[in-house]
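Raw contents of upload39.txt, compact mmCIF, C-alpha atoms and all ligand atoms:
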# COMPACT_ATOMS: atom_id res chain seq x y z
CA MET E 17 94.37 156.09 53.95
CA ALA E 18 94.59 153.18 56.36
CA GLU E 19 97.49 151.78 58.34
CA LEU E 20 97.97 148.23 59.49
CA GLU E 21 100.66 145.92 60.80
CA GLY E 22 101.58 142.50 59.57
CA ARG E 23 104.23 139.84 59.14
CA VAL E 24 106.17 139.47 55.88
CA ILE E 25 105.78 135.90 54.66
CA ALA E 26 107.57 136.12 51.30
CA VAL E 27 109.83 138.62 49.58
CA HIS E 28 109.89 139.01 45.81
CA SER E 29 111.87 141.52 43.79
CA SER E 30 109.13 144.11 43.41
CA TYR E 31 106.65 143.20 46.12
CA CYS E 32 106.24 141.15 49.23
CA LEU E 33 103.39 139.24 50.81
CA VAL E 34 102.26 140.34 54.23
CA TRP E 35 99.98 138.41 56.57
CA THR E 36 97.81 140.85 58.47
CA GLY E 37 96.06 138.39 60.73
CA GLY E 38 93.03 137.90 58.57
CA GLU E 39 94.41 137.87 55.07
CA THR E 40 97.55 137.98 52.96
CA ILE E 41 98.10 141.23 51.14
CA ARG E 42 100.50 142.11 48.40
CA CYS E 43 102.67 145.12 49.19
CA SER E 44 104.62 147.05 46.61
CA LEU E 45 108.30 147.66 47.02
CA ARG E 46 109.00 150.44 44.61
CA GLY E 47 109.87 154.08 44.23
CA ARG E 48 111.13 155.50 47.47
CA LEU E 49 110.55 152.10 49.07
CA ARG E 50 113.35 150.53 47.07
CA HIS E 51 115.76 151.11 49.90
CA ILE E 52 113.43 149.22 52.19
CA SER E 53 113.17 146.27 49.81
CA ALA E 54 116.78 145.38 50.52
CA GLN E 55 116.01 145.36 54.22
CA VAL E 56 112.84 143.33 54.25
CA ALA E 57 113.05 139.64 55.09
CA ALA E 58 110.50 136.91 55.67
CA GLY E 59 109.44 137.13 59.30
CA ASP E 60 109.70 140.90 59.51
CA LEU E 61 106.94 142.81 61.21
CA VAL E 62 106.00 145.80 59.10
CA ARG E 63 103.72 148.79 59.09
CA VAL E 64 101.71 149.02 55.90
CA ARG E 65 99.90 152.02 54.49
CA ARG E 66 97.02 151.47 52.14
CA ARG E 67 96.70 154.27 49.59
CA ASP E 68 94.85 154.48 46.28
CA GLY E 69 94.21 150.77 46.33
CA GLU E 70 97.89 150.00 46.78
CA ASN E 71 99.71 148.69 49.86
CA LEU E 72 103.02 150.26 50.67
CA ILE E 73 105.43 149.23 53.40
CA GLU E 74 106.08 152.26 55.56
CA GLU E 75 108.38 150.81 58.14
CA VAL E 76 110.15 147.61 59.17
CA LEU E 77 109.76 147.24 62.93
CA PRO E 78 112.88 146.47 65.01
CA ARG E 79 113.97 142.82 64.81
CA LYS E 80 114.65 140.64 67.79
CA ASN E 81 117.04 138.51 65.71
CA TYR E 82 117.94 137.61 62.16
CA LEU E 83 119.24 134.40 60.65
CA ILE E 84 121.42 135.20 57.66
CA ARG E 85 121.25 131.78 56.05
CA PRO E 86 118.33 131.41 55.58
CA PRO E 87 117.28 135.05 55.67
CA VAL E 88 114.48 134.99 58.24
CA ALA E 89 113.83 137.69 60.83
CA ASN E 90 112.30 137.40 64.31
CA VAL E 91 112.77 133.66 64.66
CA ASP E 92 111.24 132.24 67.85
CA LEU E 93 112.07 128.59 67.34
CA VAL E 94 114.20 126.46 65.04
CA VAL E 95 113.24 122.82 64.64
CA VAL E 96 116.43 120.96 63.78
CA VAL E 97 115.26 117.95 61.80
CA THR E 98 117.33 114.82 61.30
CA ALA E 99 116.93 111.21 60.25
CA VAL E 100 119.15 108.43 61.60
CA THR E 101 120.27 106.45 58.56
CA HIS E 102 118.26 107.91 55.66
CA PRO E 103 120.33 110.08 55.26
CA PRO E 104 122.94 109.18 57.90
CA ILE E 105 122.83 111.47 60.90
CA ASP E 106 125.69 113.95 61.20
CA LEU E 107 126.01 115.04 64.82
CA THR E 108 128.61 117.68 64.02
CA TYR E 109 126.27 119.27 61.52
CA ILE E 110 123.39 119.26 64.02
CA ASP E 111 125.54 120.66 66.81
CA ARG E 112 126.94 123.33 64.49
CA ILE E 113 123.37 124.53 63.98
CA LEU E 114 122.57 124.27 67.71
CA VAL E 115 125.72 126.22 68.64
CA HIS E 116 124.83 128.89 66.12
CA LEU E 117 121.33 129.17 67.62
CA GLU E 118 122.62 129.24 71.20
CA SER E 119 124.99 132.06 70.23
CA GLN E 120 122.04 134.01 68.85
CA ASP E 121 119.81 133.08 71.78
CA ILE E 122 117.25 131.39 69.54
CA GLU E 123 115.25 128.47 70.98
CA ALA E 124 115.69 125.06 69.35
CA VAL E 125 113.89 121.72 69.30
CA VAL E 126 115.45 118.55 67.90
CA CYS E 127 113.19 116.47 65.67
CA LEU E 128 114.12 112.84 64.95
CA ASN E 129 112.14 112.13 61.81
CA LYS E 130 111.44 108.98 59.77
CA ALA E 131 110.63 106.99 62.93
CA ASP E 132 108.68 104.58 60.69
CA ILE E 133 111.85 103.29 59.05
CA GLU E 134 114.60 103.89 61.60
CA ASP E 135 115.71 101.54 64.37
CA PRO E 136 113.65 102.52 67.46
CA GLN E 137 116.50 101.74 69.81
CA GLU E 138 118.86 104.02 67.93
CA VAL E 139 116.18 106.72 67.79
CA ARG E 140 115.81 106.53 71.58
CA ARG E 141 119.57 106.63 72.07
CA LEU E 142 119.80 109.85 70.04
CA ARG E 143 116.77 111.29 71.82
CA ASP E 144 118.49 110.69 75.14
CA ILE E 145 121.70 112.39 73.99
CA TYR E 146 119.85 115.60 73.16
CA ARG E 147 117.53 115.46 76.15
CA LYS E 148 120.52 115.12 78.39
CA ALA E 149 122.07 118.11 76.65
CA GLY E 150 118.99 120.11 77.60
CA TYR E 151 116.94 120.04 74.41
CA ASP E 152 113.36 119.23 73.80
CA VAL E 153 113.25 116.25 71.40
CA VAL E 154 110.31 115.11 69.28
CA ILE E 155 110.21 111.80 67.46
CA THR E 156 108.20 112.05 64.25
CA SER E 157 107.24 110.32 61.08
CA ALA E 158 106.01 112.68 58.41
CA LEU E 159 104.81 109.56 56.61
CA SER E 160 102.71 107.93 59.35
CA GLY E 161 101.92 111.16 61.19
CA GLU E 162 103.52 110.00 64.44
CA GLY E 163 104.59 112.92 66.59
CA ILE E 164 103.36 115.56 64.15
CA SER E 165 100.68 116.96 66.45
CA GLU E 166 103.20 117.04 69.30
CA LEU E 167 105.50 119.05 67.04
CA VAL E 168 102.67 121.37 66.00
CA GLY E 169 101.96 121.92 69.69
CA LYS E 170 105.50 123.16 70.27
CA MET E 171 105.25 125.58 67.35
CA ARG E 172 102.05 127.24 68.48
CA GLY E 173 102.12 131.00 68.24
CA GLN E 174 105.73 131.12 67.11
CA ASN E 175 107.76 132.07 64.07
CA VAL E 176 109.41 128.74 63.26
CA VAL E 177 112.22 127.68 60.93
CA LEU E 178 112.64 124.06 59.89
CA ALA E 179 116.35 123.37 59.54
CA GLY E 180 118.41 120.31 58.78
CA ALA E 181 120.28 118.49 56.05
CA SER E 182 118.75 117.82 52.67
CA GLY E 183 116.54 114.73 52.56
CA VAL E 184 115.69 114.52 56.26
CA GLY E 185 112.03 115.33 55.60
CA LYS E 186 111.58 119.05 56.28
CA SER E 187 109.24 119.61 53.33
CA LYS E 188 107.35 116.44 54.13
CA ILE E 189 106.84 117.53 57.74
CA LEU E 190 105.63 120.92 56.56
CA SER E 191 103.15 119.29 54.21
CA ALA E 192 102.09 116.84 56.93
CA ILE E 193 101.28 119.88 59.04
CA THR E 194 99.41 121.62 56.26
CA GLN E 195 97.58 118.35 55.51
CA GLU E 196 96.41 118.33 59.07
CA ASP E 197 95.32 121.86 58.51
CA ILE E 198 93.11 120.88 55.62
CA SER E 199 91.56 117.90 57.34
CA THR E 200 90.88 119.58 60.65
CA GLY E 201 90.44 123.13 59.43
CA ARG E 202 92.45 124.37 62.38
CA LEU E 203 95.41 125.66 60.45
CA SER E 204 95.32 127.64 57.32
CA LYS E 205 97.64 127.26 54.42
CA ILE E 206 98.12 130.64 52.88
CA ARG E 207 100.33 130.00 50.01
CA ARG E 208 102.58 127.50 48.39
CA GLY E 209 105.04 128.42 45.70
CA ARG E 210 108.69 128.36 44.98
CA HIS E 211 109.20 131.53 43.06
CA THR E 212 110.28 133.71 45.91
CA THR E 213 113.34 135.70 45.02
CA LYS E 214 114.92 135.35 48.41
CA GLY E 215 114.05 131.73 48.74
CA VAL E 216 112.09 131.71 51.98
CA THR E 217 108.34 131.47 52.35
CA LEU E 218 106.55 131.30 55.66
CA TYR E 219 103.38 129.28 55.95
CA ALA E 220 100.74 130.43 58.39
CA ALA E 221 99.55 127.91 60.95
CA GLN E 222 97.13 127.91 63.82
CA GLY E 223 97.40 130.45 66.60
CA GLY E 224 99.56 132.87 64.64
CA ALA E 225 102.39 130.39 64.04
CA PHE E 226 104.51 130.69 60.92
CA ILE E 227 106.70 127.95 59.54
CA ALA E 228 109.58 128.25 57.07
CA ASP E 229 110.97 125.31 55.18
CA THR E 230 114.48 126.33 54.37
CA PRO E 231 116.98 124.57 52.15
CA GLY E 232 119.45 127.36 52.97
CA PHE E 233 120.52 125.98 56.32
CA SER E 234 122.73 123.39 54.69
CA ARG E 235 125.09 126.20 53.80
CA LEU E 236 125.70 127.20 57.38
CA ARG E 237 129.36 127.97 57.69
CA ILE E 238 131.87 127.23 60.40
CA VAL E 239 131.25 128.33 63.91
CA GLU E 240 132.30 131.90 64.46
CA CYS E 241 133.23 132.39 68.07
CA GLU E 242 136.28 132.76 70.24
CA PRO E 243 137.52 129.27 71.15
CA PRO E 244 137.08 129.74 74.92
CA ASN E 245 133.45 130.77 74.34
CA LEU E 246 132.40 127.66 72.46
CA GLY E 247 131.64 125.78 75.68
CA TYR E 248 129.02 128.37 76.56
CA TYR E 249 127.06 127.35 73.46
CA TYR E 250 126.79 123.73 74.58
CA ARG E 251 123.86 123.86 76.96
CA GLU E 252 125.15 121.11 79.21
CA MET E 253 128.51 122.88 79.54
CA THR E 254 127.37 126.49 80.04
CA ASP E 255 127.23 126.34 83.84
CA LEU E 256 130.44 124.32 84.11
CA VAL E 257 132.70 126.60 82.07
CA PRO E 258 133.13 129.18 84.87
CA LEU E 259 134.13 126.39 87.26
CA CYS E 260 137.22 125.37 85.28
CA HIS E 261 140.53 126.27 86.88
CA PHE E 262 141.83 128.17 83.85
CA PRO E 263 139.75 131.15 82.82
CA ARG E 264 140.32 130.49 79.12
CA CYS E 265 140.01 126.70 79.44
CA LEU E 266 139.24 124.93 76.17
CA HIS E 267 138.17 121.75 78.02
CA LYS E 268 140.65 119.76 75.99
CA THR E 269 143.71 118.77 78.03
CA GLU E 270 143.72 121.36 80.80
CA GLU E 271 144.01 120.43 84.47
CA SER E 272 141.02 120.85 86.78
CA CYS E 273 138.53 121.15 83.96
CA ALA E 274 134.93 121.01 85.16
CA VAL E 275 133.70 120.03 81.69
CA ARG E 276 135.97 117.01 81.42
CA GLU E 277 135.13 116.00 84.96
CA ALA E 278 131.45 116.05 84.05
CA LEU E 279 132.26 114.00 80.96
CA LEU E 280 134.03 111.38 83.06
CA GLU E 281 131.11 111.32 85.48
CA GLY E 282 128.76 110.61 82.57
CA LYS E 283 126.97 113.94 82.89
CA ILE E 284 127.92 114.96 79.37
CA ALA E 285 127.32 112.62 76.44
CA PRO E 286 130.58 111.56 74.77
CA GLU E 287 128.94 112.18 71.39
CA ARG E 288 128.38 115.81 72.27
CA TYR E 289 131.90 116.22 73.63
CA GLU E 290 133.23 114.76 70.39
CA THR E 291 131.42 117.35 68.25
CA TYR E 292 132.59 119.99 70.71
CA LEU E 293 136.20 119.05 69.97
CA ARG E 294 135.52 119.15 66.24
CA LEU E 295 133.87 122.54 66.33
CA LEU E 296 136.62 123.76 68.66
CA ASP E 297 139.16 122.83 66.01
CA GLU E 298 137.17 124.88 63.49
CA CYS E 299 137.22 127.84 65.85
CA LEU E 300 140.95 127.48 66.44
CA GLU E 301 141.64 127.24 62.71
CA ARG E 302 139.62 130.33 62.12
CA GLU E 303 141.47 132.23 64.84
CA LYS E 304 144.77 131.26 63.25
CA TYR E 305 143.84 132.82 59.93
CA LYS E 306 142.44 135.87 61.61
CA TYR E 307 145.83 136.91 62.95
CA GLU E 308 148.01 135.79 60.04
N1 LIG E 401 109.84 106.78 55.50
C1 LIG E 401 109.80 108.09 55.63
N2 LIG E 401 110.19 108.87 54.60
C2 LIG E 401 110.16 110.20 54.75
C3 LIG E 401 109.72 110.81 55.94
N3 LIG E 401 109.82 112.15 55.80
C4 LIG E 401 110.28 112.36 54.57
N4 LIG E 401 110.49 111.20 53.93
C5 LIG E 401 110.99 111.03 52.55
O1 LIG E 401 112.35 111.49 52.51
C6 LIG E 401 112.62 112.15 51.28
C7 LIG E 401 113.11 113.57 51.55
O2 LIG E 401 112.04 114.31 52.14
P1 LIG E 401 111.94 115.89 52.00
O3 LIG E 401 110.77 116.33 52.76
O4 LIG E 401 112.03 116.31 50.58
O5 LIG E 401 113.30 116.32 52.72
P2 LIG E 401 113.96 117.78 52.85
O6 LIG E 401 115.08 117.82 51.89
O7 LIG E 401 114.46 117.85 54.25
O8 LIG E 401 112.89 118.79 52.57
C8 LIG E 401 111.32 112.11 50.49
O9 LIG E 401 111.39 110.99 49.61
C9 LIG E 401 110.26 111.88 51.55
O10 LIG E 401 109.14 111.21 51.06
C10 LIG E 401 109.31 109.95 57.03
O11 LIG E 401 108.94 110.38 58.12
N5 LIG E 401 109.37 108.61 56.80
MG MG E 402 112.80 120.41 51.23
ZN ZN E 403 137.45 123.28 81.14

Starting from the file, give its structure as C-alpha cells.
Ligand SMILES: Nc1nc2c(ncn2[C@@H]2O[C@H](COP(=O)(O)OP(=O)(O)O)[C@@H](O)[C@H]2O)c(=O)[nH]1
Ligand SMILES: [Mg+2]
Ligand SMILES: [Zn+2]
Amino acid sequence: MAELEGRVIAVHSSYCLVWTGGETIRCSLRGRLRHISAQVAAGDLVRVRRRDGENLIEEVLPRKNYLIRPPVANVDLVVVVTAVTHPPIDLTYIDRILVHLESQDIEAVVCLNKADIEDPQEVRRLRDIYRKAGYDVVITSALSGEGISELVGKMRGQNVVLAGASGVGKSKILSAITQEDISTGRLSKIRRGRHTTKGVTLYAAQGGAFIADTPGFSRLRIVECEPPNLGYYYREMTDLVPLCHFPRCLHKTEESCAVREALLEGKIAPERYETYLRLLDECLEREKYKYE
C-alpha cells in the first residue's frame, strides 16, 4: 500500500489521469469515491493510494482557486490570447476576462498572437494599452514561432490556462509549445486527446508547468460584482478609486473623480475606460434585476 501526491490533468467519468512528477497514472473514481468524482477538476492536487494494483484518489487537497468555466483548479496564470483582425479583437471581451481574473486574484498575461499577419503598428498600439494598464504582454506567432519561447518562459513552473475567443490561436500556440518540446526534449507531452468528459486536459511542460487549452472561456458570462467595485478590477484604476470624492463613485459623471482625472491626464487608456463603461453597464443591469 503506497501513497503519493499528484496533479489531476484530465477527468473522465470513471477515472482521472494524475501526473505524479515522473509519470501519468490512471486513478479510479468508483465505489465510495463516487462522491469525490464530482469534486475533482483538472488542476487539483490529490493524494493517491495504490492498492491491489489499482490507484484510488483518497483526498483532494485544498484549492487556492477555481475557474468555473472552464473547470480548472489551482490556476497560477491565465494567458489571454487575442489576434488583431483575424478574428477582430474585442477589447470588451478581453477586459471581461481580465476583470474576472482580477476579482479572483489570478495572474494574467496578454498574448497578441498572429504577429506574422497583423499590422505591426497596431500590434504595438495594443501592446502599449495593456502594458500601461499594468499587464505583461507577449507578442507571438504560433506559425513562425516568434515570441513562443518568451511565452514558455513566463509559464515556467505554473498551472496555466490559455483563454481567449475562438480562432485566436490557442490550440496552435499549445502545439507550438509541444513541438518545441519534441525538438528540444525539454518539455514533455503527456497526452493529447479530446475525449475528456469535463472538457479540460492539462499538458505537462518543463519545470512542472501545466497548460490547458480551453474552449470554455468563450462562455464567460457578465461581470458579477457590485458596480462601485468594478474599478478595483481595472489594475490602472485600483489605487485611484479610494481617492475619488464620492465613496461609491462609478467614475462616470461624478465630480472630483480621480479615475476620470487620470483619464484626462492620459494615464488611463481611453480604450480601457471605454470597456470599463460597458462592463459597468452590465453590472448596473444585473443589479437592477437583483432587486426587482
Ligand atoms: N497566420 C497565423 N495563423 C495562426 C496563428 N495561430 C493560429 N493560426 C491559425 O488560426 C486558426 C485558429 O487557430 P486555433 O489554434 O484553432 O485557434 P483557437 O480556436 O484559439 O484554438 C487556425 O487556422 C490556425 O492555423 C498565427 O500565429 N499566425
Ligand atoms: Mg482551440
Ligand atoms: Zn471616481

**Item:** Neighbours of point (124.9, 123.2, 78.8) within 10 Å, using only C-alpha atoms, written as a ChimeraX atom specification
**Value:** /E:118,148-151,247-257,275,284

Ligand ZN 403 (chain E) proximity check over E:Gln55, E:Thr36, E:Thr291, E:Thr269, using all atoms listed in the file: winner is E:Thr269

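With only C-alpha atoms and all ligand atoms counted, the chains near ligand MG 402 (chain E) contribute these residues within 9 Å: Ser182, Gly183, Val184, Gly185, Lys186, Ser187, Lys188, Leu190, Asp229, Thr230 and Pro231 of chain E.
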
Produce as a ChimeraX atom specification the set of residues near ligand ZN 403 (chain E), where near means within 6 Å with only C-alpha atoms and all ligand atoms considered.
/E:257,260,265-267,273-275

Show me which residues are within 10 Å of ligand LIG 401 (chain E) counting only C-alpha atoms and all ligand atoms, and format the list as a PDB file with C-alpha atoms, keeping the file's coordinate frame.
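Ended up saving to pocket_16.pdb:
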ATOM      1  CA  VAL E  97     115.260 117.950  61.800  1.00  0.00           C
ATOM      2  CA  THR E  98     117.330 114.820  61.300  1.00  0.00           C
ATOM      3  CA  ALA E  99     116.930 111.210  60.250  1.00  0.00           C
ATOM      4  CA  HIS E 102     118.260 107.910  55.660  1.00  0.00           C
ATOM      5  CA  PRO E 103     120.330 110.080  55.260  1.00  0.00           C
ATOM      6  CA  LEU E 128     114.120 112.840  64.950  1.00  0.00           C
ATOM      7  CA  ASN E 129     112.140 112.130  61.810  1.00  0.00           C
ATOM      8  CA  LYS E 130     111.440 108.980  59.770  1.00  0.00           C
ATOM      9  CA  ALA E 131     110.630 106.990  62.930  1.00  0.00           C
ATOM     10  CA  ASP E 132     108.680 104.580  60.690  1.00  0.00           C
ATOM     11  CA  ILE E 133     111.850 103.290  59.050  1.00  0.00           C
ATOM     12  CA  GLU E 134     114.600 103.890  61.600  1.00  0.00           C
ATOM     13  CA  ILE E 155     110.210 111.800  67.460  1.00  0.00           C
ATOM     14  CA  THR E 156     108.200 112.050  64.250  1.00  0.00           C
ATOM     15  CA  SER E 157     107.240 110.320  61.080  1.00  0.00           C
ATOM     16  CA  ALA E 158     106.010 112.680  58.410  1.00  0.00           C
ATOM     17  CA  LEU E 159     104.810 109.560  56.610  1.00  0.00           C
ATOM     18  CA  SER E 160     102.710 107.930  59.350  1.00  0.00           C
ATOM     19  CA  GLY E 161     101.920 111.160  61.190  1.00  0.00           C
ATOM     20  CA  GLU E 162     103.520 110.000  64.440  1.00  0.00           C
ATOM     21  CA  GLY E 163     104.590 112.920  66.590  1.00  0.00           C
ATOM     22  CA  ILE E 164     103.360 115.560  64.150  1.00  0.00           C
ATOM     23  CA  LEU E 178     112.640 124.060  59.890  1.00  0.00           C
ATOM     24  CA  ALA E 179     116.350 123.370  59.540  1.00  0.00           C
ATOM     25  CA  GLY E 180     118.410 120.310  58.780  1.00  0.00           C
ATOM     26  CA  ALA E 181     120.280 118.490  56.050  1.00  0.00           C
ATOM     27  CA  SER E 182     118.750 117.820  52.670  1.00  0.00           C
ATOM     28  CA  GLY E 183     116.540 114.730  52.560  1.00  0.00           C
ATOM     29  CA  VAL E 184     115.690 114.520  56.260  1.00  0.00           C
ATOM     30  CA  GLY E 185     112.030 115.330  55.600  1.00  0.00           C
ATOM     31  CA  LYS E 186     111.580 119.050  56.280  1.00  0.00           C
ATOM     32  CA  SER E 187     109.240 119.610  53.330  1.00  0.00           C
ATOM     33  CA  LYS E 188     107.350 116.440  54.130  1.00  0.00           C
ATOM     34  CA  ILE E 189     106.840 117.530  57.740  1.00  0.00           C
ATOM     35  CA  LEU E 190     105.630 120.920  56.560  1.00  0.00           C
ATOM     36  CA  SER E 191     103.150 119.290  54.210  1.00  0.00           C
ATOM     37  CA  ALA E 192     102.090 116.840  56.930  1.00  0.00           C
ATOM     38  CA  ASP E 229     110.970 125.310  55.180  1.00  0.00           C
ATOM     39  CA  THR E 230     114.480 126.330  54.370  1.00  0.00           C
ATOM     40  CA  PRO E 231     116.980 124.570  52.150  1.00  0.00           C
ATOM     41  CA  SER E 234     122.730 123.390  54.690  1.00  0.00           C
TER      42      SER E 234
END

- Task: Give me the residues within 9 Å of Ile41 (chain E) as a ChimeraX atom specification, counting all atoms listed in the file and dropping any in the same chain fewer than 3 places off.
- Result: /E:32-36,71

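Our summary of the geometry notes that CA of Ser30 (chain E) is positioned 11.8 Å from CA of Ile73 (chain E).
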
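Counting from CA of Ser272 (chain E), the distance to CA of Leu107 (chain E) is 27.2 Å.
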
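Between Asp68 (chain E) and the candidates E:Ala18, E:Ile105, E:Val176, E:Val96, the tightest atom-to-atom separation, counting all atoms listed in the file, involves E:Ala18.
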
Who sits within 9 Å of Ser119 (chain E), only C-alpha atoms, same chain under 3 positions skipped, as JSON, numbers by chain: {"E": [114, 115, 116, 122, 241, 246, 248, 249]}

Near Leu279 (chain E), within 8 Å and counting all atoms listed in the file, which residues show up once chain neighbours fewer than 6 positions away are dropped, as a VMD selection string? chain E and resid 285 to 286 289

Generate a file of the selected residues that holds C-alpha atoms, formatted as a PDB file, in the coordinates of the input.
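Written file, again_23.pdb:
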ATOM      1  CA  ALA E 285     127.320 112.620  76.440  1.00  0.00           C
ATOM      2  CA  PRO E 286     130.580 111.560  74.770  1.00  0.00           C
ATOM      3  CA  TYR E 289     131.900 116.220  73.630  1.00  0.00           C
TER       4      TYR E 289
END

Name the residues in contact with region 23-29 of chain E at a cut-off of 6 Å, using all atoms listed in the file, excluding same-chain residues fewer than 5 positions from it; report them as a VMD selection string.
chain E and resid 34 to 35 58 to 61 212 to 213 217 to 218

Requested write-out: C-alpha atoms of the selected residues, as a PDB file, keeping the file's coordinate frame:
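The result, stored in out24.pdb:
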ATOM      1  CA  VAL E  34     102.260 140.340  54.230  1.00  0.00           C
ATOM      2  CA  TRP E  35      99.980 138.410  56.570  1.00  0.00           C
ATOM      3  CA  ALA E  58     110.500 136.910  55.670  1.00  0.00           C
ATOM      4  CA  GLY E  59     109.440 137.130  59.300  1.00  0.00           C
ATOM      5  CA  ASP E  60     109.700 140.900  59.510  1.00  0.00           C
ATOM      6  CA  LEU E  61     106.940 142.810  61.210  1.00  0.00           C
ATOM      7  CA  THR E 212     110.280 133.710  45.910  1.00  0.00           C
ATOM      8  CA  THR E 213     113.340 135.700  45.020  1.00  0.00           C
ATOM      9  CA  THR E 217     108.340 131.470  52.350  1.00  0.00           C
ATOM     10  CA  LEU E 218     106.550 131.300  55.660  1.00  0.00           C
TER      11      LEU E 218
END

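In this comparison, which uses all atoms listed in the file, the residue of E:Asn90, E:Thr108, E:Ser44, E:Asn175 approaching Glu287 (chain E) most closely is E:Thr108.
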
- [ ] Compile the contact shell of Arg294 (chain E) as a VMD selection string: residues with an atom at most 12 Å away, counting only C-alpha atoms, same-chain residues fewer than 4 positions apart removed.
- [x] chain E and resid 107 to 109 111 to 112 238 to 239 243 246 268 287 to 290 298 to 301

Prev. selection, C-alpha atoms, output as a compact mmCIF listing (two decimals), keeping the file's coordinate frame:
# COMPACT_ATOMS: atom_id res chain seq x y z
CA LEU E 107 126.01 115.04 64.82
CA THR E 108 128.61 117.68 64.02
CA TYR E 109 126.27 119.27 61.52
CA ASP E 111 125.54 120.66 66.81
CA ARG E 112 126.94 123.33 64.49
CA ILE E 238 131.87 127.23 60.40
CA VAL E 239 131.25 128.33 63.91
CA PRO E 243 137.52 129.27 71.15
CA LEU E 246 132.40 127.66 72.46
CA LYS E 268 140.65 119.76 75.99
CA GLU E 287 128.94 112.18 71.39
CA ARG E 288 128.38 115.81 72.27
CA TYR E 289 131.90 116.22 73.63
CA GLU E 290 133.23 114.76 70.39
CA GLU E 298 137.17 124.88 63.49
CA CYS E 299 137.22 127.84 65.85
CA LEU E 300 140.95 127.48 66.44
CA GLU E 301 141.64 127.24 62.71

Regenerate region 77-88 of chain E at the level of N, CA and C atoms and dump it as a PDB file, keeping the file's coordinate frame.
ATOM      1  N   LEU E  77     109.618 147.086  61.479  1.00  0.00           N
ATOM      2  CA  LEU E  77     109.760 147.240  62.930  1.00  0.00           C
ATOM      3  C   LEU E  77     111.057 146.560  63.407  1.00  0.00           C
ATOM      4  N   PRO E  78     111.608 147.034  64.522  1.00  0.00           N
ATOM      5  CA  PRO E  78     112.880 146.470  65.010  1.00  0.00           C
ATOM      6  C   PRO E  78     112.817 144.949  65.156  1.00  0.00           C
ATOM      7  N   ARG E  79     113.915 144.291  64.761  1.00  0.00           N
ATOM      8  CA  ARG E  79     113.970 142.820  64.810  1.00  0.00           C
ATOM      9  C   ARG E  79     114.530 142.347  66.132  1.00  0.00           C
ATOM     10  N   LYS E  80     114.031 141.195  66.587  1.00  0.00           N
ATOM     11  CA  LYS E  80     114.650 140.640  67.790  1.00  0.00           C
ATOM     12  C   LYS E  80     115.848 139.766  67.423  1.00  0.00           C
ATOM     13  N   ASN E  81     115.863 139.237  66.205  1.00  0.00           N
ATOM     14  CA  ASN E  81     117.040 138.510  65.710  1.00  0.00           C
ATOM     15  C   ASN E  81     116.912 138.340  64.204  1.00  0.00           C
ATOM     16  N   TYR E  82     117.952 137.798  63.604  1.00  0.00           N
ATOM     17  CA  TYR E  82     117.940 137.610  62.160  1.00  0.00           C
ATOM     18  C   TYR E  82     118.893 136.485  61.799  1.00  0.00           C
ATOM     19  N   LEU E  83     118.382 135.471  61.135  1.00  0.00           N
ATOM     20  CA  LEU E  83     119.240 134.400  60.650  1.00  0.00           C
ATOM     21  C   LEU E  83     119.682 134.807  59.258  1.00  0.00           C
ATOM     22  N   ILE E  84     120.964 134.764  58.988  1.00  0.00           N
ATOM     23  CA  ILE E  84     121.420 135.200  57.660  1.00  0.00           C
ATOM     24  C   ILE E  84     121.161 134.121  56.619  1.00  0.00           C
ATOM     25  N   ARG E  85     121.504 132.909  56.953  1.00  0.00           N
ATOM     26  CA  ARG E  85     121.250 131.780  56.050  1.00  0.00           C
ATOM     27  C   ARG E  85     120.413 130.776  56.793  1.00  0.00           C
ATOM     28  N   PRO E  86     119.159 130.664  56.536  1.00  0.00           N
ATOM     29  CA  PRO E  86     118.330 131.410  55.580  1.00  0.00           C
ATOM     30  C   PRO E  86     117.972 132.790  56.114  1.00  0.00           C
ATOM     31  N   PRO E  87     117.636 133.715  55.212  1.00  0.00           N
ATOM     32  CA  PRO E  87     117.280 135.050  55.670  1.00  0.00           C
ATOM     33  C   PRO E  87     115.876 135.120  56.246  1.00  0.00           C
ATOM     34  N   VAL E  88     115.765 134.905  57.550  1.00  0.00           N
ATOM     35  CA  VAL E  88     114.480 134.990  58.240  1.00  0.00           C
ATOM     36  C   VAL E  88     114.666 135.860  59.483  1.00  0.00           C
TER      37      VAL E  88
END
